[in-house]
Amino acid sequence: MLRRTLVAALPALLLATTACAEQSVGDPNAPAGSAVAYPSKTLQIMAPAGAGGGWDTTARTLQQALQGAGLLGGQSAEVRNVTGAAGTIGLAELVTSHKGDAHQLMVTGLVMVGGVVTNKSPVDLSQTTPIATLTAESEVIVVKSDSKYQTLKQLVDDIKADPTSVKWGGGSAGGTDQILVGLLAKAAGADASTVAKQYIAYSGGGETKAGLLSGDISVAVSGTSEFADLVKAGTVRALAVSSATGGDAGLGTPTPSIKESGYDLELMNWRGLVAPPGISDAEKAAVIAMVDKLHASAQWQQALTDKKWTDFYRTGGEATTFFADEHTRIKAVLTEIGLG
């Protein structure tokens with residue numbers, strides 16, 4: 001039996017000003033360790049995927065909570081989408097084009113860690129400035145409401161009999177969604193490599209929904225919050241969630257977990273925040289200070305409740321260690337299911 005538990009959390013960006021230190025972010029004459037005014041211009045938050053997915057939702061929730069909590073010091077925050085290759089296109093842009101600019105932040109997560117491996121990206125998270133882990137979220141496996149599959153076992157029985165019989169879809173190749181498909185097949189005793197190769201990767205949650213509803217795929221995998229509206233409307237049916245125990249996938253009542261359905265598997269999709277390389281220690285401290293205040297704000301805490309995100313907040317060295325450990329772990333998992 002195979003068990004995988006992967007959790008994580010969200011980023012941190014904070015305002016640190018003092019009466020005795022008036023240097024602005026990016027001032028080359030600012031003494032090391034001195035406080036800086038942050039933000040001192042428009043804050044750019046990159047969602048390295050298309051609209052409607054988890055990174056996009058996280059970035060826009062960050063933007064709204066920062067504004068609502070009054071943490072921008074009179075400045076504004078903008079969200080922009082950079083799509084492609086499990087977030088590694090955006091990652092490369094952050095590292096190569098925005099070095100030293102503390103006002104350029106990017107949402108990241110487990111999907112990107114997998115994307116670095118599967119896309120053989122020359123750039124990885126170790127080349128960024130880690131700010132924080134922010135949230136963890138259960139995955140959900142859904143089918144259209146008219147699907148023949150009423151339970152996860154019925155679906156698994158089909159892929160055990162014929163690993164090519166089901167067309168799956170979700171986020172980027174090598175990301176959390178495809179990892180879950182491969183691990184589920186392996187836990188059930190199916191041909192994990194073949195099953196995982198029946199997976200169609202989409203650039204965002206909106207495209208995944210469209211693929212399922214159009215019939216291009218028969219089963220979709222995504223973060224629980226991304227399909228909650230369609231589950232609630234009765235358009236799709238949730239077969240299982242990937243947390244240890246059942247959870248609300250949109251109907252207001254628990255959907256069974258994969259583990260409760262008889263397969264020893266747990267997986268939580270984490271998201272976080274990074275800055276470009278080359279920012280000063282004082283700038284990093286200012287960003288983290290802002291995110292600390294964000295994390296403590298009523299606006300952010302309400303967002304966690306509304307979106308059913310698990311709070312998994314780590315900053316500084318703890319976040320840096322977590323990102324490095326995840327790279328090692330996910331590379332091993334992808335190799336295990338034939339995607340590494």
# chains A, B, ... in the order shown; residues from 1 in each chain; ligands from 1
call {"tool": "select_by_dssp", "arguments": {"residues": "stretch 176-294 of chain A", "states": "alpha helix (DSSP H)", "output": "ChimeraX atom specification"}}
result
/A:176-188,192-196,205-214,224-233,281-294
call {"tool": "residues_around", "arguments": {"residues": "A:Ser297", "least_positions_apart": "3", "cutoff": "12 Å", "atoms": "only C-alpha atoms", "output": "VMD selection string"}}
result
chain A and resid 14 62 64 to 71 290 to 294 300 to 304
call {"tool": "residues_around", "arguments": {"residues": "stretch 216-218 of chain A", "least_positions_apart": "2", "cutoff": "8 Å", "atoms": "only C-alpha atoms", "output": "list of chain:residue names"}}
result
A:Val143, A:Lys144, A:Ser147, A:Val166, A:Lys167, A:Trp168, A:Gly169, A:Ile200, A:Gly211, A:Leu212, A:Leu213, A:Ser214, A:Ala220
call {"tool": "closest_residue", "arguments": {"among": "A:Leu134, A:Gly84, A:Ala102, A:Ala332", "to": "A:Gly115", "atoms": "only C-alpha atoms"}}
result
A:Gly84
call {"tool": "atom_distance", "arguments": {"atom1": "atom CA of A:Gly278", "atom2": "atom CA of A:Val79"}}
result
21.8 Å
call {"tool": "closest_atom_pairs", "arguments": {"of": "stretch 108-205 of chain A", "to": "stretch 247-269 of chain A", "cutoff": "6 Å", "atoms": "only C-alpha atoms", "output": "CSV"}}
result
residue,atom,partner,partner_atom,distance
A:Ala136,CA,A:Asn269,CA,5.3
A:Glu137,CA,A:Asn269,CA,5.1
A:Ser138,CA,A:Met268,CA,5.0
A:Ala187,CA,A:Tyr263,CA,5.9
call {"tool": "write_last_selection", "arguments": {"atoms": "all heavy atoms", "output": "CSV table (one decimal), in the first residue's frame"}}
result
chain,number,residue,atom,x,y,z
A,136,ALA,N,-2.7,24.9,2.0
A,136,ALA,CA,-2.7,23.6,1.4
A,136,ALA,C,-4.2,23.3,1.1
A,136,ALA,O,-5.1,23.7,1.8
A,136,ALA,CB,-2.1,22.6,2.4
A,137,GLU,N,-4.4,22.5,0.0
A,137,GLU,CA,-5.8,22.2,-0.4
A,137,GLU,C,-5.9,20.8,-0.8
A,137,GLU,O,-5.0,20.3,-1.5
A,137,GLU,CB,-6.2,23.2,-1.5
A,137,GLU,CG,-7.6,23.0,-2.0
A,137,GLU,CD,-8.0,23.9,-3.1
A,137,GLU,OE1,-7.1,24.5,-3.8
A,137,GLU,OE2,-9.2,24.1,-3.4
A,138,SER,N,-7.0,20.2,-0.5
A,138,SER,CA,-7.3,18.8,-1.0
A,138,SER,C,-7.6,18.9,-2.5
A,138,SER,O,-8.1,19.8,-3.0
A,138,SER,CB,-8.5,18.3,-0.2
A,138,SER,OG,-8.9,17.1,-0.8
A,187,ALA,N,-1.5,2.9,-6.1
A,187,ALA,CA,-2.1,2.4,-4.9
A,187,ALA,C,-3.1,1.3,-5.1
A,187,ALA,O,-3.3,0.4,-4.3
A,187,ALA,CB,-2.7,3.5,-4.1
call {"tool": "select_by_dssp", "arguments": {"residues": "stretch 243-273 of chain A", "states": "strand (DSSP E)", "output": "list in words"}}
result
Gly247, Asp248, Pro254, Thr255, Met268, Asn269, Trp270, Arg271, Gly272 and Leu273 of chain A
call {"tool": "residues_around", "arguments": {"residues": "A:Gly175", "least_positions_apart": "3", "cutoff": "7 Å", "atoms": "only C-alpha atoms", "output": "NGL selection string"}}
result
:A and (86 or 110-112 or 114-115 or 171-172 or 178-179)
call {"tool": "closest_residue", "arguments": {"among": "A:Asp101, A:Asp124, A:Glu139, A:Glu93", "to": "A:Ala240", "atoms": "only C-alpha atoms"}}
result
A:Glu139
call {"tool": "decode", "arguments": {"residues": "stretch 128-192 of chain A", "atoms": "C-alpha atoms", "output": "PDB file, in the first residue's frame"}}
result
ATOM      1  CA  THR A 128      14.341  32.561  -6.195  1.00  0.00           C
ATOM      2  CA  THR A 129      14.008  34.295  -2.830  1.00  0.00           C
ATOM      3  CA  PRO A 130      11.524  32.187  -0.807  1.00  0.00           C
ATOM      4  CA  ILE A 131       9.003  34.303   1.086  1.00  0.00           C
ATOM      5  CA  ALA A 132       6.421  31.905   2.485  1.00  0.00           C
ATOM      6  CA  THR A 133       4.232  28.891   2.086  1.00  0.00           C
ATOM      7  CA  LEU A 134       0.595  29.909   2.342  1.00  0.00           C
ATOM      8  CA  THR A 135      -2.064  27.244   1.961  1.00  0.00           C
ATOM      9  CA  ALA A 136      -2.705  23.568   1.423  1.00  0.00           C
ATOM     10  CA  GLU A 137      -5.758  22.238  -0.372  1.00  0.00           C
ATOM     11  CA  SER A 138      -7.263  18.838  -0.981  1.00  0.00           C
ATOM     12  CA  GLU A 139      -7.611  17.590  -4.536  1.00  0.00           C
ATOM     13  CA  VAL A 140     -10.940  16.327  -5.855  1.00  0.00           C
ATOM     14  CA  ILE A 141     -11.737  13.746  -8.547  1.00  0.00           C
ATOM     15  CA  VAL A 142     -14.886  14.642 -10.485  1.00  0.00           C
ATOM     16  CA  VAL A 143     -16.956  13.340 -13.382  1.00  0.00           C
ATOM     17  CA  LYS A 144     -19.925  14.794 -15.253  1.00  0.00           C
ATOM     18  CA  SER A 145     -23.272  14.218 -13.576  1.00  0.00           C
ATOM     19  CA  ASP A 146     -24.324  11.808 -16.359  1.00  0.00           C
ATOM     20  CA  SER A 147     -21.159   9.690 -16.053  1.00  0.00           C
ATOM     21  CA  LYS A 148     -21.494   5.983 -15.429  1.00  0.00           C
ATOM     22  CA  TYR A 149     -19.133   6.335 -12.485  1.00  0.00           C
ATOM     23  CA  GLN A 150     -20.967   6.671  -9.194  1.00  0.00           C
ATOM     24  CA  THR A 151     -18.041   5.709  -6.954  1.00  0.00           C
ATOM     25  CA  LEU A 152     -14.265   5.852  -7.053  1.00  0.00           C
ATOM     26  CA  LYS A 153     -14.097   2.044  -6.947  1.00  0.00           C
ATOM     27  CA  GLN A 154     -16.018   1.770 -10.225  1.00  0.00           C
ATOM     28  CA  LEU A 155     -13.523   4.115 -11.866  1.00  0.00           C
ATOM     29  CA  VAL A 156     -10.515   2.302 -10.423  1.00  0.00           C
ATOM     30  CA  ASP A 157     -11.866  -1.076 -11.491  1.00  0.00           C
ATOM     31  CA  ASP A 158     -11.951   0.169 -15.082  1.00  0.00           C
ATOM     32  CA  ILE A 159      -8.365   1.459 -15.088  1.00  0.00           C
ATOM     33  CA  LYS A 160      -7.164  -1.800 -13.533  1.00  0.00           C
ATOM     34  CA  ALA A 161      -8.859  -3.766 -16.309  1.00  0.00           C
ATOM     35  CA  ASP A 162      -7.680  -1.378 -19.045  1.00  0.00           C
ATOM     36  CA  PRO A 163      -5.240   1.419 -18.129  1.00  0.00           C
ATOM     37  CA  THR A 164      -6.071   3.263 -21.379  1.00  0.00           C
ATOM     38  CA  SER A 165      -9.852   3.252 -20.855  1.00  0.00           C
ATOM     39  CA  VAL A 166     -10.152   6.565 -19.028  1.00  0.00           C
ATOM     40  CA  LYS A 167      -9.125  10.009 -20.272  1.00  0.00           C
ATOM     41  CA  TRP A 168      -8.059  12.184 -17.351  1.00  0.00           C
ATOM     42  CA  GLY A 169      -7.481  15.918 -17.278  1.00  0.00           C
ATOM     43  CA  GLY A 170      -6.237  18.610 -14.941  1.00  0.00           C
ATOM     44  CA  GLY A 171      -3.477  21.162 -14.508  1.00  0.00           C
ATOM     45  CA  SER A 172       0.036  21.181 -15.879  1.00  0.00           C
ATOM     46  CA  ALA A 173       1.974  18.036 -16.783  1.00  0.00           C
ATOM     47  CA  GLY A 174       3.891  16.701 -13.801  1.00  0.00           C
ATOM     48  CA  GLY A 175       1.837  18.787 -11.390  1.00  0.00           C
ATOM     49  CA  THR A 176      -0.278  17.797  -8.416  1.00  0.00           C
ATOM     50  CA  ASP A 177      -3.240  16.638 -10.503  1.00  0.00           C
ATOM     51  CA  GLN A 178      -1.248  14.245 -12.680  1.00  0.00           C
ATOM     52  CA  ILE A 179       0.750  13.062  -9.680  1.00  0.00           C
ATOM     53  CA  LEU A 180      -2.517  12.142  -7.964  1.00  0.00           C
ATOM     54  CA  VAL A 181      -3.653  10.141 -10.989  1.00  0.00           C
ATOM     55  CA  GLY A 182      -0.409   8.152 -11.043  1.00  0.00           C
ATOM     56  CA  LEU A 183      -0.351   7.566  -7.296  1.00  0.00           C
ATOM     57  CA  LEU A 184      -3.991   6.442  -7.269  1.00  0.00           C
ATOM     58  CA  ALA A 185      -3.281   3.923 -10.031  1.00  0.00           C
ATOM     59  CA  LYS A 186      -0.228   2.653  -8.177  1.00  0.00           C
ATOM     60  CA  ALA A 187      -2.085   2.384  -4.874  1.00  0.00           C
ATOM     61  CA  ALA A 188      -4.831   0.400  -6.629  1.00  0.00           C
ATOM     62  CA  GLY A 189      -2.402  -1.982  -8.306  1.00  0.00           C
ATOM     63  CA  ALA A 190      -2.979  -0.630 -11.834  1.00  0.00           C
ATOM     64  CA  ASP A 191      -0.303   0.223 -14.395  1.00  0.00           C
ATOM     65  CA  ALA A 192       0.535   3.663 -13.006  1.00  0.00           C
TER      66      ALA A 192
END
